[in-house]
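Colleague: Data file start.csv (CSV, C-alpha atoms and all ligand atoms) is appended below.
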```csv
chain,number,residue,atom,x,y,z
A,1,MET,CA,11.7,-30.1,-15.6
A,2,LYS,CA,11.1,-33.5,-14.2
A,3,VAL,CA,11.6,-32.3,-10.7
A,4,SER,CA,9.1,-29.5,-11.3
A,5,GLU,CA,6.6,-32.0,-12.7
A,6,MET,CA,7.1,-34.3,-9.7
A,7,VAL,CA,6.7,-31.4,-7.2
A,8,ARG,CA,3.5,-30.2,-9.1
A,9,ALA,CA,2.1,-33.8,-8.9
A,10,MET,CA,2.7,-33.7,-5.2
A,11,GLY,CA,0.4,-30.6,-5.0
A,12,PHE,CA,3.1,-28.0,-4.4
A,13,HIS,CA,4.2,-25.0,-6.5
A,14,PRO,CA,7.8,-25.4,-7.8
A,15,VAL,CA,10.1,-22.3,-7.7
A,16,ASP,CA,13.3,-22.2,-9.7
A,17,TRP,CA,16.1,-20.8,-7.6
A,18,GLY,CA,18.8,-21.4,-10.1
A,19,ASN,CA,21.4,-24.1,-10.8
A,20,LEU,CA,23.2,-26.4,-8.4
A,21,ALA,CA,25.6,-23.6,-7.3
A,22,ALA,CA,22.6,-21.9,-5.5
A,23,SER,CA,22.1,-24.9,-3.3
A,24,ARG,CA,24.2,-23.5,-0.4
A,25,ASP,CA,22.1,-20.3,-0.4
A,26,ILE,CA,18.9,-22.4,-0.5
A,27,GLU,CA,20.1,-24.5,2.5
A,28,ASP,CA,20.7,-21.2,4.4
A,29,VAL,CA,17.1,-20.0,3.9
A,30,PRO,CA,15.5,-21.6,7.0
A,31,LEU,CA,18.4,-20.2,9.1
A,32,ARG,CA,18.0,-16.6,8.0
A,33,LEU,CA,16.4,-14.3,10.6
A,34,MET,CA,13.9,-12.0,8.9
A,35,PRO,CA,16.1,-10.8,6.0
A,36,SER,CA,13.5,-8.4,4.7
A,37,TRP,CA,13.3,-6.5,8.0
A,38,LYS,CA,17.0,-5.7,8.5
A,39,ARG,CA,17.2,-2.7,6.2
A,40,PRO,CA,13.8,-1.1,7.2
A,41,VAL,CA,14.7,-1.6,10.9
A,42,ALA,CA,18.1,0.1,10.3
A,43,VAL,CA,16.4,3.0,8.4
A,44,VAL,CA,13.9,3.6,11.2
A,45,PHE,CA,16.5,3.3,13.9
A,46,GLY,CA,18.7,5.8,12.0
A,47,ILE,CA,15.8,8.3,11.9
A,48,PHE,CA,15.0,7.7,15.6
A,49,VAL,CA,18.7,8.3,16.6
A,50,PHE,CA,18.9,11.5,14.5
A,51,LEU,CA,15.6,12.8,16.0
A,52,TRP,CA,16.6,11.8,19.5
A,53,ILE,CA,19.8,13.8,19.3
A,54,LEU,CA,17.9,16.8,18.0
A,55,ALA,CA,15.4,16.5,20.8
A,56,PHE,CA,18.1,16.0,23.4
A,57,PHE,CA,19.8,19.1,22.2
A,58,SER,CA,16.6,21.2,22.2
A,59,PHE,CA,15.0,20.0,25.5
A,60,GLN,CA,18.1,19.3,27.6
A,61,ILE,CA,21.2,21.2,26.4
A,62,CYS,CA,19.5,24.3,25.0
A,63,ARG,CA,17.0,24.8,27.7
A,64,ASN,CA,19.5,24.3,30.4
A,65,ILE,CA,21.9,26.8,28.8
A,66,GLN,CA,19.0,29.3,28.5
A,67,SER,CA,17.9,28.8,32.1
A,68,GLY,CA,21.4,28.4,33.5
A,69,GLN,CA,20.2,25.6,35.7
A,70,TRP,CA,21.8,22.3,34.7
A,71,ASP,CA,19.7,20.1,37.0
A,72,GLU,CA,16.5,20.7,35.0
A,73,ASN,CA,14.8,18.5,32.4
A,74,TRP,CA,17.0,15.3,32.7
A,75,LYS,CA,14.2,13.3,34.2
A,76,ARG,CA,12.1,13.9,31.0
A,77,ILE,CA,14.4,11.8,28.8
A,78,PRO,CA,12.8,8.4,29.3
A,79,LEU,CA,9.1,9.4,28.7
A,80,THR,CA,8.6,13.0,27.4
A,81,ASN,CA,11.5,13.0,25.0
A,82,PHE,CA,11.0,9.4,24.0
A,83,ASN,CA,7.3,10.0,23.3
A,84,ARG,CA,7.9,13.0,21.2
A,85,VAL,CA,10.7,11.4,19.3
A,86,ILE,CA,8.8,8.2,18.5
A,87,ALA,CA,5.8,10.4,17.4
A,88,ILE,CA,7.9,12.3,14.9
A,89,THR,CA,9.8,9.1,13.8
A,90,ALA,CA,6.4,7.5,13.1
A,91,LEU,CA,5.1,10.5,11.1
A,92,TRP,CA,8.4,10.7,9.1
A,93,THR,CA,8.3,6.9,8.4
A,94,LEU,CA,4.6,7.1,7.3
A,95,ALA,CA,5.6,9.8,4.8
A,96,PHE,CA,8.5,7.6,3.7
A,97,CYS,CA,6.0,4.9,2.8
A,98,TYR,CA,4.4,7.3,0.2
A,99,ILE,CA,7.3,9.3,-1.1
A,100,PRO,CA,8.9,6.4,-3.1
A,101,GLY,CA,5.6,5.8,-5.0
A,102,LEU,CA,5.6,9.5,-5.9
A,103,ILE,CA,9.1,9.4,-7.2
A,104,ALA,CA,8.2,6.3,-9.1
A,105,ALA,CA,5.2,8.1,-10.7
A,106,TYR,CA,7.4,11.0,-11.8
A,107,ILE,CA,9.9,8.6,-13.3
A,108,GLN,CA,7.1,6.9,-15.2
A,109,LEU,CA,5.8,10.3,-16.4
A,110,TRP,CA,9.3,11.3,-17.5
A,111,ARG,CA,10.1,8.1,-19.3
A,112,GLY,CA,6.6,7.7,-20.7
A,113,THR,CA,6.5,4.0,-19.9
A,114,LYS,CA,6.1,1.6,-17.0
A,115,TYR,CA,8.3,-1.0,-18.7
A,116,SER,CA,11.6,0.3,-17.6
A,117,ARG,CA,13.5,-0.6,-14.4
A,118,PHE,CA,13.5,1.9,-11.5
A,119,PRO,CA,17.0,2.7,-10.1
A,120,LYS,CA,18.0,0.0,-7.6
A,121,TRP,CA,17.7,2.4,-4.6
A,122,LEU,CA,14.1,3.2,-5.5
A,123,ASP,CA,13.3,-0.4,-6.2
A,124,ASP,CA,14.6,-1.4,-2.7
A,125,TRP,CA,12.7,1.5,-1.1
A,126,LEU,CA,9.5,0.5,-2.8
A,127,LYS,CA,10.0,-3.1,-1.6
A,128,MET,CA,10.5,-2.1,2.0
A,129,ARG,CA,7.2,0.0,2.4
A,130,LYS,CA,5.3,-2.8,4.0
A,131,GLN,CA,8.0,-3.2,6.7
A,132,LEU,CA,8.3,0.5,7.2
A,133,GLY,CA,4.6,0.8,7.5
A,134,LEU,CA,4.3,-1.9,10.2
A,135,ILE,CA,7.2,-0.5,12.2
A,136,MET,CA,5.6,2.9,12.0
A,137,LEU,CA,2.3,1.4,13.3
A,138,GLY,CA,4.2,-0.1,16.3
A,139,LEU,CA,5.7,3.3,17.1
A,140,ALA,CA,2.4,5.2,16.6
A,141,GLY,CA,0.8,2.6,18.9
A,142,ILE,CA,3.4,3.2,21.7
A,143,HIS,CA,3.0,7.0,21.2
A,144,ALA,CA,-0.8,6.8,21.5
A,145,CYS,CA,-0.6,4.6,24.7
A,146,ILE,CA,1.9,6.8,26.4
A,147,SER,CA,0.1,10.0,25.3
A,148,VAL,CA,-3.3,8.9,26.6
A,149,ALA,CA,-1.7,8.3,30.1
A,150,TYR,CA,0.4,11.5,29.9
A,151,ILE,CA,-1.8,14.2,28.5
A,152,THR,CA,-2.8,16.7,31.2
A,153,PRO,CA,-3.1,20.5,31.3
A,154,GLN,CA,0.3,20.6,33.0
A,155,THR,CA,2.1,18.5,30.4
A,156,THR,CA,0.3,19.6,27.2
A,157,GLY,CA,-0.9,23.1,28.1
A,158,TRP,CA,-1.2,24.3,24.4
A,159,VAL,CA,-4.4,22.3,23.8
A,160,TYR,CA,-6.2,23.2,27.0
A,161,GLU,CA,-8.2,26.3,28.0
A,162,GLU,CA,-6.2,29.0,29.8
A,163,PRO,CA,-5.5,28.2,33.5
A,164,THR,CA,-6.5,30.8,36.1
A,165,ARG,CA,-3.6,32.3,38.1
A,166,PHE,CA,-3.9,33.8,41.5
A,167,GLN,CA,-1.3,35.8,43.4
A,168,ALA,CA,-1.3,35.0,47.1
A,169,GLU,CA,0.5,36.7,49.9
A,170,VAL,CA,2.1,33.9,52.0
A,171,VAL,CA,3.1,34.6,55.5
A,172,VAL,CA,6.4,32.8,56.1
A,173,ASP,CA,6.9,34.0,59.7
A,174,ALA,CA,6.0,37.0,61.8
A,175,ASN,CA,8.3,39.3,59.9
A,176,THR,CA,8.4,37.8,56.4
A,177,THR,CA,5.7,37.5,53.7
A,178,THR,CA,6.2,36.4,50.0
A,179,THR,CA,4.0,36.6,47.0
A,180,ASN,CA,3.3,33.2,45.3
A,181,THR,CA,1.5,32.6,42.1
A,182,LEU,CA,-1.0,29.7,42.3
A,183,THR,CA,-2.2,28.1,39.0
A,184,ILE,CA,-5.5,26.4,38.8
A,185,TYR,CA,-5.4,24.3,35.6
A,186,ASN,CA,-8.5,24.1,33.4
A,187,ASN,CA,-9.3,20.5,32.4
A,188,GLU,CA,-11.3,21.5,29.3
A,189,PHE,CA,-9.7,21.3,25.8
A,190,ASN,CA,-9.7,24.4,23.7
A,191,TRP,CA,-11.0,24.0,20.1
A,192,ARG,CA,-7.5,23.1,18.9
A,193,GLY,CA,-7.3,20.4,21.5
A,194,GLU,CA,-10.6,18.9,20.4
A,195,PHE,CA,-9.3,18.7,16.8
A,196,PHE,CA,-5.8,17.6,17.9
A,197,LEU,CA,-7.1,14.6,19.9
A,198,SER,CA,-9.7,13.4,17.4
A,199,MET,CA,-7.2,13.7,14.5
A,200,GLY,CA,-4.7,11.5,16.5
A,201,ALA,CA,-7.4,8.9,17.3
A,202,ILE,CA,-8.7,8.8,13.7
A,203,ALA,CA,-5.1,8.4,12.3
A,204,THR,CA,-4.4,5.6,14.8
A,205,CYS,CA,-7.6,3.8,13.8
A,206,LEU,CA,-6.9,4.1,10.0
A,207,LEU,CA,-3.3,2.9,10.6
A,208,VAL,CA,-4.6,-0.2,12.4
A,209,VAL,CA,-6.9,-0.9,9.4
A,210,LEU,CA,-3.8,-0.7,7.2
A,211,GLY,CA,-2.0,-3.0,9.5
A,212,ILE,CA,-4.8,-5.6,9.6
A,213,SER,CA,-5.2,-5.5,5.8
A,214,SER,CA,-1.5,-6.4,5.4
A,215,LEU,CA,-1.9,-9.7,7.3
A,216,PRO,CA,-1.5,-12.4,4.6
A,217,SER,CA,-4.7,-14.1,5.7
A,218,VAL,CA,-6.6,-10.8,5.4
A,219,THR,CA,-4.8,-9.7,2.2
A,220,ALA,CA,-5.9,-13.0,0.6
A,221,THR,CA,-9.6,-12.2,1.1
A,222,LEU,CA,-9.3,-8.7,-0.5
A,223,SER,CA,-9.4,-8.0,-4.2
A,224,TRP,CA,-6.5,-6.0,-5.6
A,225,ARG,CA,-8.7,-2.9,-5.8
A,226,GLU,CA,-9.8,-3.3,-2.2
A,227,PHE,CA,-6.2,-3.7,-1.0
A,228,THR,CA,-5.0,-0.7,-3.0
A,229,PHE,CA,-7.9,1.4,-1.8
A,230,ILE,CA,-7.0,0.6,1.9
A,231,GLN,CA,-3.2,0.9,1.5
A,232,SER,CA,-3.1,3.9,-0.9
A,233,LYS,CA,-6.2,6.0,-0.3
A,234,LEU,CA,-6.8,5.3,3.4
A,235,GLY,CA,-3.1,5.5,4.0
A,236,TRP,CA,-3.0,9.0,2.5
A,237,VAL,CA,-5.9,10.0,4.7
A,238,ALA,CA,-4.0,8.6,7.7
A,239,LEU,CA,-0.9,10.6,6.7
A,240,ILE,CA,-2.9,13.9,6.4
A,241,THR,CA,-4.9,13.3,9.5
A,242,ALA,CA,-1.7,12.6,11.5
A,243,ALA,CA,-0.1,15.7,10.1
A,244,CYS,CA,-3.2,17.7,11.1
A,245,HIS,CA,-2.9,16.2,14.6
A,246,ASP,CA,0.5,17.8,14.8
A,247,VAL,CA,-0.6,21.1,13.3
A,248,PHE,CA,-3.4,21.5,15.8
A,249,LEU,CA,-1.1,20.7,18.7
A,250,ALA,CA,1.3,23.5,17.9
A,251,TRP,CA,-1.1,25.9,16.1
A,252,HIS,CA,0.4,29.1,17.4
A,253,TYR,CA,4.0,28.0,17.0
A,254,MET,CA,3.8,26.5,13.5
A,255,PHE,CA,5.2,29.4,11.6
A,256,LEU,CA,7.8,32.0,12.2
A,257,TYR,CA,8.7,30.5,15.5
A,258,TRP,CA,12.2,29.2,16.4
A,259,GLY,CA,13.3,27.2,19.4
A,260,CYS,CA,16.9,26.9,20.9
A,261,PHE,CA,18.2,30.5,20.7
A,262,ARG,CA,16.1,31.0,17.6
A,263,THR,CA,18.3,28.6,15.6
A,264,LEU,CA,16.4,25.3,15.4
A,265,PRO,CA,12.8,24.5,14.4
A,266,ILE,CA,10.7,23.0,17.1
A,267,GLY,CA,9.5,19.3,17.0
A,268,PRO,CA,6.0,19.8,15.7
A,269,GLN,CA,7.5,21.9,12.8
A,270,TYR,CA,10.2,19.4,11.6
A,271,ALA,CA,7.7,16.6,12.2
A,272,LEU,CA,5.9,18.0,9.2
A,273,TYR,CA,8.8,18.2,6.7
A,274,PRO,CA,8.4,14.8,5.0
A,275,PRO,CA,4.6,14.8,5.0
A,276,PHE,CA,4.8,18.3,3.5
A,277,ILE,CA,7.2,17.1,0.8
A,278,ALA,CA,4.8,14.1,0.1
A,279,VAL,CA,1.8,16.4,-0.3
A,280,ILE,CA,3.6,18.9,-2.5
A,281,MET,CA,4.8,16.0,-4.7
A,282,LYS,CA,1.3,14.5,-4.8
A,283,LEU,CA,-0.7,17.6,-5.7
A,284,PRO,CA,0.5,17.9,-9.4
A,285,LEU,CA,-0.3,14.2,-9.8
A,286,LEU,CA,-3.9,14.8,-8.9
A,287,LEU,CA,-4.5,17.3,-11.8
A,288,PRO,CA,-6.8,15.4,-14.2
A,289,PRO,CA,-4.6,15.6,-17.3
A,290,VAL,CA,-1.5,14.4,-15.3
A,291,ASP,CA,-3.5,11.7,-13.5
A,292,ASN,CA,-5.1,10.4,-16.7
A,293,TYR,CA,-1.8,10.3,-18.5
A,294,LEU,CA,-0.2,8.4,-15.5
A,295,GLN,CA,-3.1,5.9,-15.4
A,296,LYS,CA,-2.7,5.4,-19.2
A,297,ILE,CA,1.0,4.7,-18.7
A,298,ARG,CA,0.1,2.2,-15.8
A,299,ARG,CA,-2.3,0.5,-18.1
A,300,GLY,CA,0.6,-0.2,-20.6
A,301,TYR,CA,0.7,2.9,-22.8
A,302,GLU,CA,4.2,3.7,-24.0
A,303,ARG,CA,5.1,7.2,-25.3
A,304,GLY,CA,6.7,7.0,-28.7
A,305,SER,CA,5.2,3.6,-29.6
A,306,GLN,CA,2.6,3.4,-32.4
A,307,SER,CA,-0.3,2.0,-30.4
A,308,GLU,CA,-1.2,1.4,-26.7
A,309,SER,CA,0.9,-1.5,-25.6
A,310,LYS,CA,-0.9,-4.7,-24.8
A,311,LYS,CA,1.9,-6.1,-22.8
A,312,GLY,CA,-0.2,-7.0,-19.7
A,313,ASN,CA,-2.8,-6.1,-17.2
A,314,PRO,CA,-2.4,-3.2,-14.8
A,315,LEU,CA,-0.3,-4.1,-11.8
B,401,LIG,C1,0.3,0.0,8.9
B,401,LIG,C2,0.8,-0.1,7.4
B,401,LIG,C3,0.8,-1.4,6.8
B,401,LIG,C4,1.3,-1.4,5.4
B,401,LIG,N1,1.2,-2.7,4.8
B,401,LIG,C5,1.7,-2.7,3.5
B,401,LIG,C6,1.6,-4.0,2.8
B,401,LIG,O1,1.1,-5.0,3.3
B,401,LIG,N2,2.1,-4.0,1.6
B,401,LIG,C7,2.6,-2.9,0.9
B,401,LIG,O2,3.0,-3.0,-0.2
B,401,LIG,N3,2.7,-1.7,1.6
B,401,LIG,C8,2.2,-1.6,2.8
B,401,LIG,N4,2.3,-0.4,3.5
B,401,LIG,C9,2.9,0.8,2.8
B,401,LIG,C10,1.9,1.6,2.0
B,401,LIG,O3,0.7,1.8,2.6
B,401,LIG,C11,1.6,1.0,0.6
B,401,LIG,O4,2.9,0.7,0.0
B,401,LIG,C12,0.8,1.9,-0.3
B,401,LIG,O5,0.2,1.1,-1.3
B,401,LIG,C13,1.5,3.0,-1.0
B,401,LIG,O6,0.6,3.7,-1.7
B,401,LIG,P1,1.0,4.6,-2.9
B,401,LIG,O7,-0.2,5.3,-3.4
B,401,LIG,O8,2.1,5.4,-2.6
B,401,LIG,O9,1.6,3.6,-3.9
B,401,LIG,P2,1.1,2.5,-5.0
B,401,LIG,O10,-0.3,2.6,-5.3
B,401,LIG,O11,1.7,1.2,-4.6
B,401,LIG,O12,2.0,3.0,-6.2
B,401,LIG,C14,3.4,3.3,-6.1
B,401,LIG,C15,3.9,3.5,-7.5
B,401,LIG,O13,3.9,2.3,-8.1
B,401,LIG,C16,3.7,2.5,-9.5
B,401,LIG,N5,2.5,1.8,-9.9
B,401,LIG,C17,1.3,1.8,-9.3
B,401,LIG,N6,0.4,1.2,-10.1
B,401,LIG,C18,1.1,0.8,-11.2
B,401,LIG,C19,0.7,0.0,-12.3
B,401,LIG,N7,-0.5,-0.4,-12.5
B,401,LIG,N8,1.7,-0.2,-13.2
B,401,LIG,C20,3.0,0.2,-13.0
B,401,LIG,N9,3.4,0.9,-11.9
B,401,LIG,C21,2.4,1.2,-11.0
B,401,LIG,C22,3.6,3.9,-9.6
B,401,LIG,O14,4.8,4.5,-10.0
B,401,LIG,C23,3.1,4.4,-8.3
B,401,LIG,O15,3.5,5.7,-8.0
B,401,LIG,C24,1.8,-0.3,4.8
B,401,LIG,C25,1.8,0.9,5.5
B,401,LIG,C26,1.3,1.0,6.8
B,401,LIG,C27,1.3,2.4,7.5
B,402,LIG,C1,-5.0,8.2,20.1
B,402,LIG,C2,-3.9,8.5,19.5
B,402,LIG,C3,-3.0,9.7,19.8
B,402,LIG,C4,-2.9,10.4,20.9
B,402,LIG,C5,-3.8,10.4,22.2
B,402,LIG,C6,-1.8,11.4,20.8
B,402,LIG,C7,-1.4,12.3,21.7
B,402,LIG,C8,-0.4,13.2,21.5
B,402,LIG,C9,0.1,14.1,22.5
B,402,LIG,C10,-0.4,14.2,24.0
B,402,LIG,C11,1.1,14.8,22.0
B,402,LIG,C12,2.0,15.9,22.7
B,402,LIG,C13,3.2,15.3,23.2
B,402,LIG,C14,4.1,16.3,23.9
B,402,LIG,O1,4.0,17.5,23.6
B,402,LIG,O2,4.9,15.9,24.7
B,402,LIG,C15,1.3,14.3,20.6
B,402,LIG,C16,2.2,14.8,19.8
B,402,LIG,C17,2.4,14.3,18.5
B,402,LIG,N1,1.8,13.3,17.9
B,402,LIG,FE1,0.3,12.2,18.7
B,402,LIG,N2,-1.3,11.1,19.5
B,402,LIG,C18,-2.0,10.1,18.9
B,402,LIG,C19,-1.7,9.6,17.7
B,402,LIG,C20,-0.7,10.0,16.8
B,402,LIG,C21,-0.4,9.4,15.6
B,402,LIG,C22,-1.1,8.2,14.9
B,402,LIG,C23,0.6,10.1,15.0
B,402,LIG,C24,1.3,9.8,13.7
B,402,LIG,C25,2.3,9.2,13.5
B,402,LIG,C26,1.0,11.1,16.0
B,402,LIG,C27,2.0,12.0,15.8
B,402,LIG,C28,2.4,13.0,16.7
B,402,LIG,C29,3.4,14.0,16.5
B,402,LIG,C30,4.3,14.1,15.2
B,402,LIG,C31,3.4,14.8,17.6
B,402,LIG,C32,4.4,16.0,17.9
B,402,LIG,C33,5.5,15.6,18.7
B,402,LIG,C34,6.2,16.9,19.4
B,402,LIG,O3,5.7,17.3,20.4
B,402,LIG,O4,7.2,17.3,18.8
B,402,LIG,N3,0.2,11.0,17.1
B,402,LIG,N4,0.4,13.4,20.4
```
Hey, can you dump this file as structure tokens for me?
Ligand SMILES: Cc1cc2nc3c(=O)[nH]c(=O)nc-3n(C[C@H](O)[C@H](O)[C@H](O)COP(=O)(O)OP(=O)(O)OC[C@H]3O[C@@H](n4cnc5c(N)ncnc54)[C@H](O)[C@@H]3O)c2cc1C
Ligand code: HEM
Modeller:
Amino acid sequence: MKVSEMVRAMGFHPVDWGNLAASRDIEDVPLRLMPSWKRPVAVVFGIFVFLWILAFFSFQICRNIQSGQWDENWKRIPLTNFNRVIAITALWTLAFCYIPGLIAAYIQLWRGTKYSRFPKWLDDWLKMRKQLGLIMLGLAGIHACISVAYITPQTTGWVYEEPTRFQAEVVVDANTTTTNTLTIYNNEFNWRGEFFLSMGAIATCLLVVLGISSLPSVTATLSWREFTFIQSKLGWVALITAACHDVFLAWHYMFLYWGCFRTLPIGPQYALYPPFIAVIMKLPLLLPPVDNYLQKIRRGYERGSQSESKKGNPL
């Protein structure tokens, strides 16, 4: 108590870290290297490796088996594969920022109270959302930079107007002629391309706003409501916009289309799995009776208790 009073008199805020036995841990604190980042980095790295293997299998192994030419596609690993894999990793990670909140909401509805502990795995997951979000922002930023330099009618033909193809008779020598097909690419986007690109740019911009708002100096200037509006509402808009970016990219291939000997879904399809799960889980929570009941629980109401609890302010 005396130490606390002395610390307070010196103008600091004392924090009780336990008894003398904790002193070793406290001494180690300045030596720790970003402890809150280890798990989120490991999670995102795990997702990246999983998706990388999937992409490698689809773009290199499968395509080469199909074409029978094993010298194709290897050069695409550092840029094309990497860009697609980080794009999908970013979208999955963004969805994983919102799914734990949804699970938490269902648990609260089920238990009828907010005053009960979430399971440890969910608690840990909820606590790492900030780090997941910032790593996701980094990946989306790299993807956007690479894509702006990379997008052409040759590389991303799906979103451009149809090219014009000519067949030309080429005279090789006096006795031989061959027929070659010449392709004149069209540099104009089709309507899907227009949507695809603007959705990607809007999602990037919203994610940057989320990232800026999570800087401690900026967070300190925002009210709780403003911060929640940016993180929760704008974050959901960013998730849906990024998912639309993906849908417009692969518009004709979204449904009933299989890659790799008709066995595996294609990248833009499985990119949508976690966002789809998030949206499906979110929709019932938007129904007014469910939403009102959840808000009531978050204000302190407890099912089964006599009166609305007055245990505290909304979080
Ligand atoms: C670039 C970027 C930066 C990010 N920065 C941050 C950051 O700085 N900090 C951060 O936390 N996240 C951050 N995130 C992650 C994410 O945006 C936020 O966690 C966001 O608030 C999640 O919104 P939500 O609607 O799912 O959850 P929330 O609104 O946080 O709600 C989650 C769950 O908490 C419970 N809950 C909510 N309100 C109450 C209440 N009043 N009482 C009891 N329980 C309640 C409910 O079960 C609810 O479902 C960031 C994401 C990105 C992409
Ligand atoms: C200005 C911003 C952006 C631009 C210019 C852009 C551009 C592109 C391009 C060109 C592709 C096609 C890549 C290919 O087929 O090789 C693509 C795919 C994709 N993008 Fe973006 N993008 C942007 C932002 C985002 C953001 C913020 C996200 C969300 C996280 C995102 C998620 C995706 C996904 C999931 C794919 C599909 C990957 C695949 O082909 O399997 N993009 N984007």
Colleague: Between A:Arg299, A:Phe227, A:Ile77, A:Lys2, single out the one closest to Pro14 in chain A, counting only C-alpha atoms.
Modeller: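 Using only C-alpha atoms, the shortest distance to Pro14 in chain A belongs to A:Lys2.
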Colleague: List as a PyMOL selection string the protein and nucleic acid residues near Asp123 in chain A, meaning an atom at most 12 Å away when all atoms listed in the file are counted, but skip any in the same chain fewer than 6 places from it.
Modeller: chain A and resi 100-101+103-104+107+116-117+129
Colleague: One decimal, Å: what's the distance from CA of Phe248 in chain A over to CA of Phe196 in chain A, could you say?
Modeller: 5.0 Å
Colleague: Taking all atoms listed in the file into account, which of A:Glu161, A:Glu169, A:Asp246, A:Asp291 comes nearest Ser198 in chain A?
Modeller: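 Nearest candidate to Ser198 in chain A out of A:Glu161, A:Glu169, A:Asp246, A:Asp291: A:Asp246.
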Colleague: Please determine, counting all atoms listed in the file, which residue among A:Ile65, A:Leu122, A:Ala42, A:Val237 has the shortest atom-to-atom distance to ligand LIG 402 (chain B).
Modeller: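 Closest to ligand LIG 402 (chain B), using all atoms listed in the file: A:Val237.
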Colleague: What is the distance, in Å and to one decimal place, between CA of Tyr253 in chain A and CA of Asn64 in chain A?
Modeller: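 About the pair CA of Tyr253 in chain A and CA of Asn64 in chain A: they are 20.8 Å apart.
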Colleague: Per residue of chain A within 7 Å of ligand LIG 401 (chain B), which atom pair is closest and at what distance in Å (one decimal), using only C-alpha atoms and all ligand atoms, listed by chain and increasing number, as a tab-separated table?
Modeller:
```
residue	atom	partner	partner_atom	distance
A:Leu94	CA	B:LIG401	C27	5.7
A:Cys97	CA	B:LIG401	C9	5.1
A:Tyr98	CA	B:LIG401	O8	4.1
A:Ile99	CA	B:LIG401	O8	6.7
A:Pro100	CA	B:LIG401	O8	6.9
A:Gly101	CA	B:LIG401	C14	3.5
A:Leu102	CA	B:LIG401	O15	4.8
A:Ile103	CA	B:LIG401	O15	6.8
A:Ala104	CA	B:LIG401	O14	4.0
A:Ala105	CA	B:LIG401	O14	3.7
A:Gln108	CA	B:LIG401	O14	6.2
A:Lys114	CA	B:LIG401	C20	5.3
A:Arg129	CA	B:LIG401	C9	4.4
A:Lys130	CA	B:LIG401	C8	3.5
A:Leu132	CA	B:LIG401	C25	6.7
A:Gly133	CA	B:LIG401	C26	3.4
A:Leu134	CA	B:LIG401	C1	4.6
A:Met136	CA	B:LIG401	C27	6.2
A:Leu137	CA	B:LIG401	C1	5.0
A:Leu207	CA	B:LIG401	C1	4.9
A:Val208	CA	B:LIG401	C1	6.0
A:Leu210	CA	B:LIG401	C1	4.5
A:Gly211	CA	B:LIG401	C1	3.8
A:Ser213	CA	B:LIG401	O1	6.8
A:Ser214	CA	B:LIG401	O1	3.6
A:Leu215	CA	B:LIG401	O1	6.9
A:Thr228	CA	B:LIG401	O5	5.8
A:Gln231	CA	B:LIG401	O3	4.2
A:Ser232	CA	B:LIG401	O6	3.8
A:Lys233	CA	B:LIG401	O7	6.8
A:Gly235	CA	B:LIG401	O3	5.5
A:Arg298	CA	B:LIG401	N8	3.9
A:Arg299	CA	B:LIG401	N7	6.0
A:Pro314	CA	B:LIG401	N7	4.1
A:Leu315	CA	B:LIG401	N7	3.8
```
Colleague: Record the distance separating atom C30 of ligand LIG 402 (chain B) and CA of Thr204 in chain A, expressed in Å with one decimal.
Modeller: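 Here the two named atoms are 12.2 Å from each other.
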Colleague: Once you add 8 Å to each side, what are the centre and edge lengths of the axis-aligned box holding all listed atoms of range 126-135 of chain A? One decimal in Å, as AutoDock Vina command-line options, if you can.
Modeller:
```
--center_x 7.4 --center_y -1.2 --center_z 4.7 --size_x 22.2 --size_y 20.0 --size_z 31.0
```
Colleague: Kindly provide the residues of chain A that approach ligand LIG 402 (chain B) to within 7 Å, each paired with its closest atom pair and their distance in Å to one decimal, based on only C-alpha atoms and all ligand atoms, listed by chain and increasing number, as a Markdown table.
Modeller:
```
| residue | atom | partner | partner_atom | distance |
| --- | --- | --- | --- | --- |
| A:Thr80 | CA | B:LIG402 | O2 | 5.4 |
| A:Asn83 | CA | B:LIG402 | O2 | 6.5 |
| A:Arg84 | CA | B:LIG402 | C33 | 4.3 |
| A:Val85 | CA | B:LIG402 | C33 | 6.7 |
| A:Ala87 | CA | B:LIG402 | C28 | 4.3 |
| A:Ile88 | CA | B:LIG402 | C30 | 4.0 |
| A:Ala90 | CA | B:LIG402 | C25 | 4.5 |
| A:Leu91 | CA | B:LIG402 | C25 | 3.9 |
| A:Leu94 | CA | B:LIG402 | C25 | 6.9 |
| A:Ala140 | CA | B:LIG402 | C22 | 4.9 |
| A:His143 | CA | B:LIG402 | N2 | 6.2 |
| A:Ala144 | CA | B:LIG402 | C3 | 4.0 |
| A:Ser147 | CA | B:LIG402 | C10 | 4.4 |
| A:Val148 | CA | B:LIG402 | C5 | 4.7 |
| A:Tyr150 | CA | B:LIG402 | C10 | 6.5 |
| A:Ile151 | CA | B:LIG402 | C10 | 4.7 |
| A:Thr155 | CA | B:LIG402 | O2 | 6.9 |
| A:Thr156 | CA | B:LIG402 | O1 | 5.6 |
| A:Leu197 | CA | B:LIG402 | C5 | 5.8 |
| A:Gly200 | CA | B:LIG402 | C19 | 3.7 |
| A:Ala201 | CA | B:LIG402 | C1 | 3.8 |
| A:Ala203 | CA | B:LIG402 | C22 | 4.8 |
| A:Thr204 | CA | B:LIG402 | C22 | 4.2 |
| A:Ala242 | CA | B:LIG402 | C24 | 4.7 |
| A:Ala243 | CA | B:LIG402 | C30 | 6.9 |
| A:His245 | CA | B:LIG402 | N1 | 6.4 |
| A:Asp246 | CA | B:LIG402 | C31 | 5.0 |
| A:Leu249 | CA | B:LIG402 | C16 | 6.8 |
| A:Ile266 | CA | B:LIG402 | O4 | 6.9 |
| A:Gly267 | CA | B:LIG402 | O4 | 3.5 |
| A:Pro268 | CA | B:LIG402 | O4 | 4.2 |
| A:Ala271 | CA | B:LIG402 | C30 | 5.2 |
```
